[in-house]
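Visitor: Next comes structure-v2.cif, mmCIF, C-alpha atoms and all ligand atoms:
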data_model
loop_
_atom_site.label_atom_id
_atom_site.label_comp_id
_atom_site.auth_asym_id
_atom_site.auth_seq_id
_atom_site.Cartn_x
_atom_site.Cartn_y
_atom_site.Cartn_z
CA MET U 7 -18.62 5.63 -16.48
CA ILE U 8 -17.16 5.45 -12.99
CA PRO U 9 -18.79 2.66 -10.98
CA LYS U 10 -20.49 3.65 -7.72
CA SER U 11 -19.98 0.16 -6.30
CA LEU U 12 -18.46 -3.25 -7.03
CA LYS U 13 -20.23 -6.56 -6.67
CA PHE U 14 -18.94 -9.27 -4.32
CA ASN U 15 -19.05 -12.97 -5.17
CA ASN U 16 -22.03 -13.22 -2.79
CA ASN U 17 -23.89 -10.49 -4.76
CA LEU U 18 -23.58 -7.86 -2.03
CA GLU U 19 -22.44 -4.46 -3.37
CA ILE U 20 -19.58 -2.53 -1.78
CA PRO U 21 -19.64 1.26 -2.35
CA ILE U 22 -16.56 2.28 -4.33
CA ILE U 23 -15.45 4.97 -1.83
CA GLY U 24 -15.19 4.30 1.89
CA LEU U 25 -14.11 6.75 4.58
CA GLY U 26 -10.88 5.53 6.21
CA THR U 27 -10.67 5.90 9.99
CA PHE U 28 -7.15 4.78 10.94
CA ASN U 29 -5.41 7.49 12.96
CA SER U 30 -8.61 9.56 13.04
CA PRO U 31 -8.53 11.00 16.56
CA PRO U 32 -11.52 9.92 18.68
CA GLY U 33 -12.32 13.59 19.31
CA GLN U 34 -12.63 14.29 15.59
CA VAL U 35 -13.87 11.09 13.99
CA THR U 36 -17.54 11.45 15.04
CA GLN U 37 -17.76 14.72 13.14
CA ALA U 38 -15.81 13.23 10.21
CA VAL U 39 -18.30 10.37 9.92
CA LYS U 40 -21.24 12.79 10.08
CA ASP U 41 -19.64 15.03 7.43
CA ALA U 42 -18.95 12.00 5.25
CA ILE U 43 -22.53 10.75 5.42
CA ASP U 44 -23.80 14.26 4.64
CA ALA U 45 -21.40 14.37 1.67
CA GLY U 46 -22.82 11.12 0.28
CA TYR U 47 -20.46 8.46 1.66
CA ARG U 48 -22.29 5.25 2.55
CA HIS U 49 -19.20 3.17 3.37
CA ILE U 50 -17.03 3.50 6.49
CA ASP U 51 -13.86 1.46 6.98
CA CYS U 52 -13.31 0.71 10.68
CA ALA U 53 -11.21 -1.66 12.78
CA TRP U 54 -11.16 -2.77 16.39
CA TYR U 55 -7.43 -1.93 16.44
CA TYR U 56 -8.05 1.74 15.56
CA GLY U 57 -9.40 2.34 19.06
CA ASN U 58 -12.08 4.75 17.82
CA GLU U 59 -15.00 2.50 16.90
CA ALA U 60 -17.21 3.92 19.68
CA GLU U 61 -16.77 7.45 18.30
CA VAL U 62 -17.32 6.24 14.72
CA GLY U 63 -20.51 4.57 16.00
CA GLU U 64 -21.63 7.89 17.53
CA GLY U 65 -21.47 9.50 14.10
CA ILE U 66 -23.35 6.65 12.46
CA SER U 67 -26.12 6.51 15.05
CA THR U 68 -26.59 10.31 14.99
CA LYS U 69 -27.14 10.25 11.23
CA ILE U 70 -29.55 7.31 11.54
CA LYS U 71 -31.47 9.09 14.32
CA GLU U 72 -31.62 12.28 12.24
CA GLY U 73 -33.21 10.24 9.45
CA VAL U 74 -30.43 11.13 6.98
CA VAL U 75 -29.74 7.41 6.36
CA LYS U 76 -31.09 4.07 7.41
CA ARG U 77 -28.81 1.32 8.65
CA GLU U 78 -29.41 -0.66 5.47
CA ASP U 79 -28.14 2.25 3.34
CA LEU U 80 -24.73 1.98 4.98
CA PHE U 81 -21.83 -0.38 4.40
CA ILE U 82 -19.73 -0.82 7.55
CA THR U 83 -16.50 -2.80 7.69
CA SER U 84 -14.55 -3.85 10.76
CA LYS U 85 -11.54 -6.09 11.25
CA LEU U 86 -10.36 -8.82 13.60
CA TRP U 87 -7.15 -7.85 15.37
CA SER U 88 -4.08 -10.14 15.42
CA ASN U 89 -4.21 -10.99 19.14
CA TYR U 90 -7.43 -12.93 18.59
CA HIS U 91 -6.78 -15.39 15.76
CA GLU U 92 -7.88 -18.51 17.69
CA LYS U 93 -11.18 -19.75 16.32
CA GLU U 94 -13.15 -19.31 19.56
CA LYS U 95 -12.06 -15.66 19.89
CA VAL U 96 -13.40 -14.48 16.54
CA VAL U 97 -17.13 -14.26 17.33
CA PRO U 98 -16.55 -12.46 20.69
CA MET U 99 -14.25 -9.94 18.98
CA LEU U 100 -16.77 -9.18 16.27
CA LYS U 101 -19.43 -8.73 18.96
CA ASP U 102 -17.11 -6.29 20.74
CA SER U 103 -16.80 -4.24 17.53
CA LEU U 104 -20.60 -4.29 17.14
CA LYS U 105 -21.01 -3.05 20.70
CA ASN U 106 -18.51 -0.25 20.06
CA LEU U 107 -20.16 0.71 16.80
CA LYS U 108 -23.69 0.39 18.26
CA LEU U 109 -24.71 -1.88 15.38
CA GLU U 110 -26.45 -5.23 15.13
CA TYR U 111 -24.48 -6.46 12.14
CA LEU U 112 -21.51 -5.56 9.94
CA ASP U 113 -21.48 -5.59 6.16
CA LEU U 114 -17.93 -6.88 5.99
CA TYR U 115 -15.62 -8.43 8.58
CA LEU U 116 -11.95 -8.89 7.67
CA ILE U 117 -8.95 -10.65 9.20
CA HIS U 118 -6.84 -7.51 9.61
CA TRP U 119 -3.43 -9.17 9.09
CA PRO U 120 -2.46 -12.79 8.39
CA PHE U 121 0.06 -12.80 11.26
CA GLY U 122 -1.28 -13.49 14.74
CA PHE U 123 0.08 -12.50 18.15
CA LYS U 124 -0.47 -14.08 21.53
CA GLU U 125 -3.27 -12.28 23.35
CA GLU U 126 -1.01 -11.24 26.22
CA ALA U 127 1.70 -9.89 23.86
CA GLY U 128 -0.10 -6.58 23.36
CA PRO U 129 -1.48 -5.19 20.12
CA TRP U 130 1.74 -4.31 18.24
CA PRO U 131 4.58 -6.28 19.85
CA THR U 132 7.52 -4.87 17.92
CA GLU U 133 9.96 -5.72 20.73
CA GLY U 134 8.52 -9.12 21.57
CA GLY U 135 10.09 -11.18 18.76
CA PRO U 136 8.86 -14.69 18.04
CA ASP U 137 7.80 -15.20 21.70
CA ALA U 138 4.96 -12.77 21.00
CA TYR U 139 3.69 -14.66 17.96
CA SER U 140 0.71 -16.98 17.92
CA GLU U 141 0.99 -20.30 16.10
CA THR U 142 -2.67 -20.28 15.04
CA GLU U 143 -3.11 -21.14 11.37
CA ILE U 144 -5.00 -18.66 9.17
CA THR U 145 -7.27 -21.53 8.14
CA GLU U 146 -8.39 -21.92 11.78
CA THR U 147 -9.09 -18.19 11.98
CA TRP U 148 -11.11 -18.48 8.78
CA GLU U 149 -13.36 -21.11 10.41
CA GLY U 150 -14.09 -18.52 13.12
CA MET U 151 -14.88 -15.98 10.41
CA GLU U 152 -17.32 -18.41 8.80
CA GLU U 153 -19.04 -18.77 12.16
CA THR U 154 -19.61 -14.99 12.34
CA TYR U 155 -21.31 -15.22 8.95
CA ASP U 156 -23.42 -18.24 9.97
CA LEU U 157 -24.62 -16.30 13.02
CA GLY U 158 -25.70 -13.34 10.88
CA LEU U 159 -23.28 -11.00 12.64
CA THR U 160 -21.85 -9.90 9.30
CA ARG U 161 -23.16 -9.97 5.73
CA SER U 162 -19.81 -10.96 4.27
CA ILE U 163 -16.30 -11.98 5.28
CA GLY U 164 -12.88 -11.35 3.83
CA VAL U 165 -9.21 -10.78 4.49
CA SER U 166 -6.70 -7.95 4.56
CA ASN U 167 -2.97 -7.90 3.80
CA PHE U 168 -3.10 -11.48 2.50
CA ASN U 169 -0.74 -12.53 -0.31
CA LYS U 170 -1.60 -14.95 -3.11
CA THR U 171 -0.39 -18.06 -1.26
CA GLN U 172 -2.39 -17.13 1.82
CA ILE U 173 -5.53 -16.57 -0.24
CA GLU U 174 -4.96 -19.94 -1.96
CA LYS U 175 -4.79 -21.55 1.48
CA ILE U 176 -8.14 -20.05 2.45
CA LEU U 177 -9.76 -20.91 -0.90
CA GLY U 178 -8.53 -24.48 -0.48
CA MET U 179 -10.59 -25.04 2.68
CA ALA U 180 -13.28 -22.34 2.76
CA ARG U 181 -16.94 -23.23 3.08
CA ILE U 182 -17.63 -19.54 2.52
CA LYS U 183 -15.29 -17.80 0.07
CA PRO U 184 -13.67 -14.48 1.02
CA VAL U 185 -15.32 -11.61 -0.88
CA CYS U 186 -12.58 -9.04 -0.44
CA ASN U 187 -8.86 -8.55 0.17
CA GLN U 188 -8.03 -5.10 1.60
CA VAL U 189 -4.44 -4.18 0.70
CA GLU U 190 -2.29 -1.16 -0.02
CA VAL U 191 -2.97 0.43 -3.42
CA ASN U 192 -1.68 3.83 -4.55
CA PRO U 193 0.29 5.00 -7.58
CA ASN U 194 3.64 4.40 -5.83
CA PHE U 195 2.59 0.84 -5.01
CA ASN U 196 -0.06 -0.19 -7.50
CA ASN U 197 -0.22 -3.86 -6.46
CA LYS U 198 -1.33 -4.80 -9.99
CA LYS U 199 -0.33 -8.48 -9.83
CA LEU U 200 -2.24 -9.16 -6.63
CA ILE U 201 -5.23 -7.19 -7.97
CA GLU U 202 -5.26 -9.29 -11.16
CA TYR U 203 -4.96 -12.49 -9.15
CA CYS U 204 -7.86 -11.48 -6.86
CA LYS U 205 -10.05 -10.48 -9.81
CA GLY U 206 -9.43 -13.94 -11.31
CA LYS U 207 -10.77 -15.48 -8.08
CA ASP U 208 -13.77 -13.12 -7.94
CA ILE U 209 -12.37 -11.33 -4.90
CA VAL U 210 -12.78 -7.53 -4.78
CA VAL U 211 -9.71 -5.51 -3.79
CA ALA U 212 -10.18 -2.53 -1.48
CA GLY U 213 -7.20 -0.18 -1.62
CA TYR U 214 -5.86 1.38 1.54
CA CYS U 215 -3.44 4.32 1.76
CA PRO U 216 -4.87 5.50 -1.58
CA LEU U 217 -3.37 8.96 -1.00
CA GLY U 218 -0.01 7.53 0.06
CA ARG U 219 -0.67 8.38 3.71
CA ILE U 220 0.56 11.92 3.27
CA ASP U 221 0.96 12.44 7.06
CA SER U 222 3.73 9.79 7.12
CA TYR U 223 5.77 11.53 4.42
CA GLY U 224 9.17 12.50 5.80
CA LYS U 225 9.53 9.30 7.82
CA PRO U 226 12.32 6.99 6.63
CA ARG U 227 11.48 4.77 3.66
CA ILE U 228 8.11 6.43 2.85
CA PRO U 229 7.99 7.52 -0.81
CA LYS U 230 6.68 10.96 -1.76
CA PRO U 231 2.90 10.66 -2.07
CA THR U 232 1.82 11.12 -5.67
CA ILE U 233 -0.65 13.84 -4.63
CA LEU U 234 2.37 16.03 -3.83
CA GLU U 235 3.87 15.69 -7.32
CA PRO U 236 3.56 18.98 -9.27
CA GLU U 237 2.83 17.04 -12.48
CA VAL U 238 -0.26 15.52 -10.89
CA ALA U 239 -1.43 19.00 -9.91
CA GLU U 240 -0.93 19.99 -13.58
CA ILE U 241 -3.04 17.02 -14.72
CA GLY U 242 -5.71 18.08 -12.23
CA LYS U 243 -5.90 21.60 -13.71
CA LYS U 244 -6.92 20.08 -17.05
CA TYR U 245 -10.06 18.63 -15.43
CA ASN U 246 -10.53 21.32 -12.76
CA LYS U 247 -9.76 18.69 -10.13
CA THR U 248 -7.28 18.41 -7.23
CA PRO U 249 -4.37 15.93 -7.15
CA ALA U 250 -6.27 13.74 -4.64
CA GLN U 251 -9.29 13.63 -6.95
CA VAL U 252 -7.08 12.68 -9.90
CA VAL U 253 -5.42 9.87 -7.95
CA LEU U 254 -8.68 8.45 -6.54
CA ASN U 255 -10.28 8.52 -9.98
CA TYR U 256 -7.23 6.74 -11.42
CA LEU U 257 -7.30 3.99 -8.77
CA ILE U 258 -10.98 3.26 -9.38
CA THR U 259 -11.01 3.45 -13.18
CA LYS U 260 -7.58 2.09 -14.08
CA LEU U 261 -6.97 -0.43 -11.29
CA GLY U 262 -10.60 -1.34 -10.59
CA VAL U 263 -10.39 -1.14 -6.81
CA VAL U 264 -12.50 0.28 -4.00
CA VAL U 265 -10.72 3.27 -2.38
CA LEU U 266 -10.61 4.15 1.32
CA PRO U 267 -9.32 7.74 1.68
CA LYS U 268 -9.04 8.84 5.30
CA SER U 269 -9.68 12.40 6.36
CA VAL U 270 -10.98 14.25 9.38
CA THR U 271 -11.09 17.53 7.43
CA LYS U 272 -14.56 18.40 6.15
CA SER U 273 -13.39 20.09 2.94
CA ARG U 274 -11.18 17.08 2.06
CA ILE U 275 -13.93 14.59 2.91
CA ILE U 276 -16.16 16.41 0.41
CA GLU U 277 -13.32 16.72 -2.12
CA ASN U 278 -12.46 13.01 -2.00
CA PHE U 279 -16.05 12.07 -2.86
CA ASP U 280 -16.36 14.51 -5.75
CA ILE U 281 -14.67 12.34 -8.36
CA PHE U 282 -17.48 10.83 -10.39
CA ASP U 283 -17.81 13.52 -13.06
CA PHE U 284 -14.59 13.24 -15.05
CA GLN U 285 -12.68 10.69 -17.07
CA LEU U 286 -8.88 10.82 -17.27
CA ASP U 287 -7.32 10.74 -20.74
CA LYS U 288 -5.22 7.77 -21.75
CA GLU U 289 -1.98 9.78 -21.63
CA ASP U 290 -2.69 10.98 -18.07
CA ILE U 291 -3.45 7.45 -16.92
CA GLU U 292 -0.20 6.25 -18.48
CA TYR U 293 1.67 9.05 -16.76
CA ILE U 294 0.26 8.18 -13.31
CA ASP U 295 1.06 4.53 -14.05
CA SER U 296 4.72 5.54 -14.37
CA PHE U 297 4.92 6.47 -10.66
CA HIS U 298 4.94 2.82 -9.57
CA LYS U 299 8.04 2.20 -7.42
CA ASN U 300 7.01 -1.00 -5.68
CA VAL U 301 7.55 0.65 -2.29
CA ARG U 302 4.92 0.22 0.41
CA VAL U 303 3.84 2.68 3.08
CA CYS U 304 2.57 -0.20 5.24
CA LEU U 305 5.35 -2.78 5.51
CA ALA U 306 5.21 -3.89 9.18
CA PRO U 307 8.87 -4.93 8.89
CA TYR U 308 9.19 -5.85 12.60
CA PHE U 309 7.17 -8.97 11.93
CA GLY U 310 9.23 -10.14 8.96
CA ASN U 311 10.24 -13.28 10.87
CA HIS U 312 6.63 -14.31 11.58
CA LYS U 313 5.56 -17.48 9.71
CA ASP U 314 2.59 -15.59 8.27
CA TYR U 315 4.33 -12.33 7.34
CA PRO U 316 2.76 -11.57 3.93
CA PHE U 317 5.27 -9.37 2.14
CA HIS U 318 8.25 -11.64 1.39
CA ASP U 319 6.47 -13.01 -1.68
CA GLU U 320 6.34 -10.96 -4.87
CA TYR U 321 2.56 -10.67 -4.41
N1 LIG G 1 -6.14 -3.06 6.41
C1 LIG G 1 -5.08 -2.41 6.77
O1 LIG G 1 -4.09 -2.98 7.27
C2 LIG G 1 -5.04 -0.94 6.60
C3 LIG G 1 -3.79 -0.26 6.63
C4 LIG G 1 -3.79 1.11 6.43
C5 LIG G 1 -4.97 1.79 6.19
N2 LIG G 1 -6.17 1.11 6.18
C6 LIG G 1 -7.46 1.83 5.92
O2 LIG G 1 -7.31 2.68 4.82
C7 LIG G 1 -7.57 4.03 5.19
C8 LIG G 1 -6.74 5.01 4.38
O3 LIG G 1 -5.36 4.84 4.56
P1 LIG G 1 -4.46 5.85 5.40
O4 LIG G 1 -5.32 6.55 6.40
O5 LIG G 1 -3.32 5.12 5.90
O6 LIG G 1 -3.91 6.87 4.32
P2 LIG G 1 -4.50 7.85 3.19
O7 LIG G 1 -5.98 7.81 3.14
O8 LIG G 1 -3.73 7.54 1.96
O9 LIG G 1 -4.02 9.26 3.70
C9 LIG G 1 -4.59 9.92 4.80
C10 LIG G 1 -3.91 11.27 4.94
O10 LIG G 1 -4.20 12.08 3.79
C11 LIG G 1 -4.77 13.33 4.21
N3 LIG G 1 -5.75 13.70 3.17
C12 LIG G 1 -6.99 13.17 3.01
N4 LIG G 1 -7.60 13.72 1.95
C13 LIG G 1 -6.74 14.64 1.43
C14 LIG G 1 -6.81 15.52 0.33
N5 LIG G 1 -7.88 15.58 -0.44
N6 LIG G 1 -5.73 16.31 0.08
C15 LIG G 1 -4.62 16.25 0.87
N7 LIG G 1 -4.50 15.42 1.93
C16 LIG G 1 -5.55 14.61 2.21
C17 LIG G 1 -5.36 13.07 5.57
O11 LIG G 1 -5.36 14.25 6.34
P3 LIG G 1 -6.56 14.77 7.28
O12 LIG G 1 -7.23 13.58 7.92
O13 LIG G 1 -5.84 15.61 8.27
O14 LIG G 1 -7.49 15.54 6.40
C18 LIG G 1 -4.37 12.06 6.15
O15 LIG G 1 -3.24 12.72 6.66
C19 LIG G 1 -7.26 4.02 6.69
O16 LIG G 1 -7.76 5.15 7.35
C20 LIG G 1 -7.87 2.71 7.09
O17 LIG G 1 -9.29 2.83 7.17
C21 LIG G 1 -6.20 -0.23 6.35
#
So that I can check it, write out the structure of this file as structure tokens.

Guide:
Amino acid sequence: MIPKSLKFNNNLEIPIIGLGTFNSPPGQVTQAVKDAIDAGYRHIDCAWYYGNEAEVGEGISTKIKEGVVKREDLFITSKLWSNYHEKEKVVPMLKDSLKNLKLEYLDLYLIHWPFGFKEEAGPWPTEGGPDAYSETEITETWEGMEETYDLGLTRSIGVSNFNKTQIEKILGMARIKPVCNQVEVNPNFNNKKLIEYCKGKDIVVAGYCPLGRIDSYGKPRIPKPTILEPEVAEIGKKYNKTPAQVVLNYLITKLGVVVLPKSVTKSRIIENFDIFDFQLDKEDIEYIDSFHKNVRVCLAPYFGNHKDYPFHDEY
């Protein structure tokens, strides 16, 4: 049986498939959200940094107004951007996301990245060097996250792109435990050690770039997305499924993670949700397992000299 949701350590359920919205053009994302809700999605993965929350919110409020869903049927995530890691900035930033999304509360609020930037440095200061970095400790940011929860602005709080040591730091001081770590998970980078560690701490892993961010293929360093491998298409034929459906099913059933496929294409949005009616054979799972190369799509290498850069550690 393929689970429809996973349970957080605070008993809230997170739907197993969420629509990704990074790089979804504002002019297309409203329709994508509406198509997703019509297709059965109840989980949308957003972020202040994506610059399209207002248009995502349009899609959500249209479907609520049409009576297709109620707010409480939906699971909406947003994320705190790195320019705002100081404790007193966290609540105002969450409120800004709520205003954009036209919502009164979130279901999950995440620290988007462990590394912080000075507010004036701009959102992605690749040229700025250490002068652009904020010294704020992730533990201070976490206190701000706890305040958002206390105020009822979000039903749960978590982190994204945190490594084991960074999670340990949070667990060592948290009044409210993180429920989720959102990190890269796809067959080329299966992140198994971090997933196992998180499971041991009762933290759900949500996997981003589940399809290997196919639109980045061809850029230096980016491995060939598994959905382009002819062998995966062959596996799909056995089950009458597409390569994307095979990969998403594998990530949920074998690795036990939530998946966040992004698409603004109606047929793909429908396709990526139609994965609950088949079970991969052991040999096919083992074959997809063999694609692991330990190479990330999302490396953010420019910030490798930041004190909180997460990817120097093994996991
Ligand atoms: N926390 C973080 O730091 C972080 C980092 C990265 C991503 N994320 C989240 O995770 C989501 C997913 O990651 P991602 O957007 O980087 O990559 P992804 O979901 O792996 O790949 C998206 C790409 O795959 C295409 N696609 C979607 N379904 C397809 C299908 N069935 N067959 C073929 N191609 C398909 C999309 O094209 P079309 O849209 O043109 O259909 C798009 O080009 C993001 O949108 C975001 O919400 C979070």

Visitor: For a test of reading the model, state the distance in Å between atom CA of U:Glu146 and atom CA of U:Thr27, rounded to one decimal.

Guide: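 Between atom CA of U:Glu146 and atom CA of U:Thr27 the gap works out to 28.0 Å.
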
Visitor: Which neighbours of stretch 246-262 of chain U fall inside 6 Å, counting all atoms listed in the file, when residues of the same chain fewer than 5 positions from it are skipped, and could you give them as a list in words?

Guide: Ile233, Val238, Ala239, Asn278 and Ile281 of chain U

Visitor: Name the residues, by chain letter and number, that sit within 6 Å of ligand LIG 1 (chain G) using all atoms listed in the file, and give them as a ChimeraX atom specification.

Guide: /U:26-28,51-52,118,166,188,214-221,250,266-271,274,277-278

Visitor: Here is a test: counting only C-alpha atoms, which residue of U:Glu94, U:Asp295, U:Asp208, U:Glu237 is nearest to U:Glu149?

Guide: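 For U:Glu149, the nearest of the candidates is U:Glu94.
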
Visitor: Determine, counting only C-alpha atoms, which protein, DNA and RNA residues have an atom within 10 Å of an atom of U:Glu59; residues of the same chain fewer than 3 positions away are not included. Present the result as a list of chain:residue names.

Guide: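 Contacts, with the query itself left out: U:Thr27, U:Pro32, U:Val35, U:Thr36, U:Cys52, U:Ala53, U:Trp54, U:Tyr55, U:Tyr56, U:Val62, U:Gly63, U:Glu64, U:Gly65, U:Ser84, U:Asp102, U:Ser103, U:Leu104, U:Lys105, U:Asn106, U:Leu107, U:Lys108.
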
Visitor: Counting all atoms listed in the file, give me one row per residue of stretch 185-216 of chain U with an atom at most 12 Å from an atom of stretch 299-313 of chain U, showing the shortest contact pair and its distance in Å to one decimal, sorted by chain then residue number, as a tab-separated table.

Guide:
residue	atom	partner	partner_atom	distance
U:Val189	CA	U:Cys304	CA	9.3
U:Glu190	CA	U:Cys304	CA	7.2
U:Val191	CA	U:Arg302	CA	8.8
U:Asn192	CA	U:Arg302	CA	9.0
U:Pro193	CA	U:Lys299	CA	8.2
U:Asn194	CA	U:Lys299	CA	5.2
U:Phe195	CA	U:Asn300	CA	4.8
U:Asn196	CA	U:Asn300	CA	7.3
U:Asn197	CA	U:Asn300	CA	7.8
U:Lys198	CA	U:Asn300	CA	10.1
U:Lys199	CA	U:Asn300	CA	11.3
U:Gly213	CA	U:Cys304	CA	11.9
U:Tyr214	CA	U:Cys304	CA	9.3
U:Cys215	CA	U:Val303	CA	7.6
U:Pro216	CA	U:Val303	CA	10.3

Visitor: Could you check which residues have any atom within 7 Å of (-18.1, 2.4, 7.5), counting only C-alpha atoms with coordinates taken straight from the file, and then list them as a ChimeraX atom specification?

Guide: /U:24-25,49-52,81-83

Visitor: Rank U:Leu234, U:Val75, U:Phe297, U:Ile117 by their smallest atom-to-atom distance to U:Ala42, using only C-alpha atoms, and report the top residue only.

Guide: U:Val75

Visitor: Using only C-alpha atoms, pick whichever of U:Ile43, U:Ile241, U:Ile228, U:Leu159 has the shortest atom-to-atom distance to U:Pro98.

Guide: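 Smallest distance to U:Pro98 is found for U:Leu159.
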
Visitor: Between atom CA of U:Ile294 and atom CA of U:Glu235, what is the distance in Å, rounded to a tenth?

Guide: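 Atom CA of U:Glu235 lies at a distance of 10.3 Å from atom CA of U:Ile294.
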